[in-house]
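Here is the structure we will look at.
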Number of protein chains: 2
Amino acid sequence: MRFTSEQHLDDGVLERAFTLHGIPGILWTPAAAPAPLILLGHPGGLARMYPRLAARARHAAEQGYAAVTLELPGSGDRPRSAVADEARADLRRSLAAGEPVDDEIVSRLVLPLVDEAVPEWRAVLDAALSLPEIGGPVGYAGGVIAIGVRLAVVEPRIRAAVLFAGSYVPRAMFEEARKITVPLLVLLQWDDEGNDRQLALDLFDAFGSEEKTLHANMGGHTGVPQFEGDAGNRFFARHLT
Amino acid sequence: MRFTSEQHLDDGVLERAFTLHGIPGILWTPAAAPAPLILLGHPGGLARMYPRLAARARHAAEQGYAAVTLELPGSGDRPRSAVADEARADLRRSLAAGEPVDDEIVSRLVLPLVDEAVPEWRAVLDAALSLPEIGGPVGYAGGVIAIGVRLAVVEPRIRAAVLFAGSYVPRAMFEEARKITVPLLVLLQWDDEGNDRQLALDLFDAFGSEEKTLHANMGGHTGVPQFEGDAGNRFFARHLT
């Protein structure tokens, strides 16, 4: 983890840009150390996502959490994937034609992304937890939901996850969903036109966790109500202690 | 509203049993007046429900709310309804046979109950709001969900409702659901074996409110997690001010 810039935000939070094996990321740490860590998931494109990610990180810092995020494979300045670009074009065509989205297209789009991203997020977890200002335990919060699912299964340091059900999940990953045992809070935008509501409900049903909660709200894909940020903090306060 | 007994609870809450036109009910008021009022819905049987209702009322009182509840038609010591008893027996037979529950049975069970109960709850609202220790605005919290739906449509003093999706709703009432405009928090026990999950999701979809939130949890019919009590208080704090 090589820090490339830092700035002190006015609420006592230190924001540092870094690269890890050439992949850009951002780390936010509150004044009090060591802080539990939240991995901030997102749909890719750190520059575009920065305002929302920084707001979520500062909100988490109010409760004493550090937060870290990493650019996704194929997004931002990282090399694009021809397979993903083609699958994304097929998905757009399906949606524009009003057809049901084919699981084969979703698999081509999502599975390689998950396979590539998850080891990178585990590496950033290693790096962040080696810093004296970061302590365990760890939570995951955000999308791409399939990345959160895989991480919750394979990464035992993740003790709880807030998953944004705003992207497609291949049916092949439902078996992984059944293996999750950590507490989950799943956020679903009920009127998200670009998402498959029934798939999100089926996925929630599949999760193996004894404690799982679904929060469905109105407001469209990007309209998650502000009070859900507080709900996420309270969820982590119950489980990351 | 004729008070029949009163006791001061150790958290400063005054609990008074009353009758209204012969119907028994309970009123809880916090020390600070005038208090906004929550109507506490329940499935009928005040004596059996008392521990849970009192716990909910005292939790609401921590946030400064008064609470009132009333025995349902056909429950407790109130005259039983032959129509409802027969419909309930038909419903039990359907469930025991593993059949889908017929909307005709649900209508026979629920519609007369709603027709009879709603004017009674509006009368208790009139009576409670005439007391100097109670002020507006008013919220509804609980089941029978069909009673909450009708009240939210016809009673303009109700500004927000927490609805427990733990009982059947006749399809005929979906048109009423579309007319609701007040903010809603709907609680669904995802693994409630005695309920129809798809009906609850369809009902949530039908609600006309711009702000509506669904919280689905595990734990079976009576296993609503404690943190949902806090969530209800925060919901009312946003809307009953």
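To be explicit about the labels: the chains of the structure tokens are called A, B, and onward in the order shown, and within each one the residues are counted from 1, while ligands get numbers from 1 in the order they are shown.
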
Distance filter 6 Å, only C-alpha atoms, chain A against chain B, as a PyMOL selection string: chain A and resi 213-217

Based on the selection just made, write C-alpha atoms of those residues as a short mmCIF file (atom, residue, chain, number, x, y, z; two decimals), in the first residue's frame.
data_model
loop_
_atom_site.label_atom_id
_atom_site.label_comp_id
_atom_site.auth_asym_id
_atom_site.auth_seq_id
_atom_site.Cartn_x
_atom_site.Cartn_y
_atom_site.Cartn_z
CA THR A 213 -32.57 -8.16 7.29
CA LEU A 214 -33.93 -6.66 4.08
CA HIS A 215 -34.60 -2.92 3.84
CA ALA A 216 -36.56 -2.00 0.73
CA ASN A 217 -37.09 1.68 -0.08
#

Near-A:Arg88 list (9 Å; only C-alpha atoms; drop same-chain fewer than 4 positions) as a PyMOL selection string: chain A and resi 83-84+92-93+105-106+108-109

Counting only C-alpha atoms, the option among A:Pro183, A:Pro156, A:Gly98, A:Gly74 closest to A:Glu116: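 Among A:Pro183, A:Pro156, A:Gly98, A:Gly74, it is A:Gly74 that comes nearest to A:Glu116.
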
Å distance separating atom CA of B:Pro34 from atom CA of B:Gly135, one decimal place: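 Result for atom CA of B:Pro34 versus atom CA of B:Gly135: 5.0 Å, one decimal.
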
Expected answer as a VMD selection string: strand (DSSP E) residues in stretch 36-219 of chain B: chain B and resid 36 to 40 66 to 70 134 to 142 158 to 164 184 to 189 212 to 217

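Residue nearest B:Val144, chosen from B:Val182, B:Ala237, B:Leu40, B:Leu199 and counting only C-alpha atoms: B:Leu40.
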
Sel. of helix (DSSP H, G or I) residues, stretch 80-195 of chain B, as an MDAnalysis selection string: chainID B and resid 82:96 103:129 145:154 171:179

Exercise: B:Glu133 partners within 8 Å, only C-alpha atoms, chain neighbours under 6 positions left out, as number ranges by chain: B: 29, 33-35

N, CA and C atoms of the current selection, written as a PDB file, in the first residue's frame:
ATOM      1  N   THR B  29     -49.585   6.867  29.136  1.00  0.00           N
ATOM      2  CA  THR B  29     -49.136   8.236  28.887  1.00  0.00           C
ATOM      3  C   THR B  29     -47.813   8.480  29.605  1.00  0.00           C
ATOM      4  N   ALA B  33     -46.324  16.122  28.814  1.00  0.00           N
ATOM      5  CA  ALA B  33     -47.564  16.308  28.059  1.00  0.00           C
ATOM      6  C   ALA B  33     -47.525  17.668  27.366  1.00  0.00           C
ATOM      7  N   PRO B  34     -48.270  17.868  26.259  1.00  0.00           N
ATOM      8  CA  PRO B  34     -49.069  16.839  25.581  1.00  0.00           C
ATOM      9  C   PRO B  34     -48.181  15.946  24.722  1.00  0.00           C
ATOM     10  N   ALA B  35     -48.508  14.668  24.681  1.00  0.00           N
ATOM     11  CA  ALA B  35     -47.704  13.680  23.951  1.00  0.00           C
ATOM     12  C   ALA B  35     -48.382  13.308  22.642  1.00  0.00           C
TER      13      ALA B  35
END

Nearby residues (only C-alpha atoms) at most 12 Å from B:Ala60, same-chain spacing under 6 positions excluded, as a VMD selection string: chain B and resid 11 13 28 to 30 35 to 40 53 to 54 66 to 68 139 to 141 228 to 237

Atom-to-atom span, atom CA of A:Arg178 and atom CA of A:Leu203, Å: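 Value for the atom CA of A:Arg178-atom CA of A:Leu203 distance: 8.9 Å.
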
Selected residue, from B:His8, B:Arg16, B:Arg122, B:Arg197, that lies nearest to B:Val101 when counting only C-alpha atoms: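 The closest residue to B:Val101 is B:Arg197.
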
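Among A:Glu62, A:Glu120, A:Asp77, A:Asp115, the residue with the shortest atom-to-atom distance to A:Arg150, counting only C-alpha atoms, is A:Asp115.
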
Separation of atom CA of A:Leu184 from atom CA of A:Ala32, in Å and rounded to one decimal: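 Distance between the two atoms: 26.2 Å.
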
Test item: residues at most 10 Å from A:Pro73, only C-alpha atoms, excluding those fewer than 6 positions along its chain, as a list of chain:residue names: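 Counting only C-alpha atoms, the residues come to A:Ile23, A:Gly44, A:Gly45, A:Pro79, A:Arg80, A:Ser81, A:Pro112, A:Leu113, A:Val114, A:Glu116, A:Ala117, A:Glu120.
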
Go ahead and write the selection's residues with N, CA and C atoms as a compact mmCIF listing (two decimals), in the first residue's frame.
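Output file selection.txt is given in full below:
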# COMPACT_ATOMS: atom_id res chain seq x y z
N ILE A 23 -3.02 -0.73 -8.35
CA ILE A 23 -4.47 -0.45 -8.35
C ILE A 23 -4.75 0.72 -7.41
N GLY A 44 -17.70 0.59 -9.55
CA GLY A 44 -16.55 0.84 -10.43
C GLY A 44 -16.51 2.28 -10.90
N GLY A 45 -15.28 2.82 -11.01
CA GLY A 45 -15.12 4.22 -11.40
C GLY A 45 -14.95 5.09 -10.16
N PRO A 79 -7.20 -1.38 -17.22
CA PRO A 79 -7.48 -1.94 -18.56
C PRO A 79 -8.89 -2.48 -18.66
N ARG A 80 -9.60 -2.14 -19.72
CA ARG A 80 -10.96 -2.63 -19.93
C ARG A 80 -10.92 -4.11 -20.30
N SER A 81 -12.04 -4.78 -20.05
CA SER A 81 -12.16 -6.19 -20.42
C SER A 81 -13.10 -6.31 -21.61
N PRO A 112 -16.36 -13.20 -14.11
CA PRO A 112 -14.93 -12.84 -14.22
C PRO A 112 -14.57 -11.65 -13.33
N LEU A 113 -15.52 -10.70 -13.19
CA LEU A 113 -15.28 -9.54 -12.33
C LEU A 113 -15.09 -9.98 -10.88
N VAL A 114 -15.96 -10.87 -10.41
CA VAL A 114 -15.87 -11.37 -9.04
C VAL A 114 -14.54 -12.12 -8.84
N GLU A 116 -11.77 -11.80 -10.35
CA GLU A 116 -10.60 -10.94 -10.35
C GLU A 116 -10.59 -9.98 -9.15
N ALA A 117 -11.76 -9.46 -8.80
CA ALA A 117 -11.81 -8.41 -7.77
C ALA A 117 -11.58 -8.96 -6.36
N GLU A 120 -8.14 -9.11 -4.97
CA GLU A 120 -7.62 -7.74 -4.79
C GLU A 120 -8.15 -7.12 -3.50
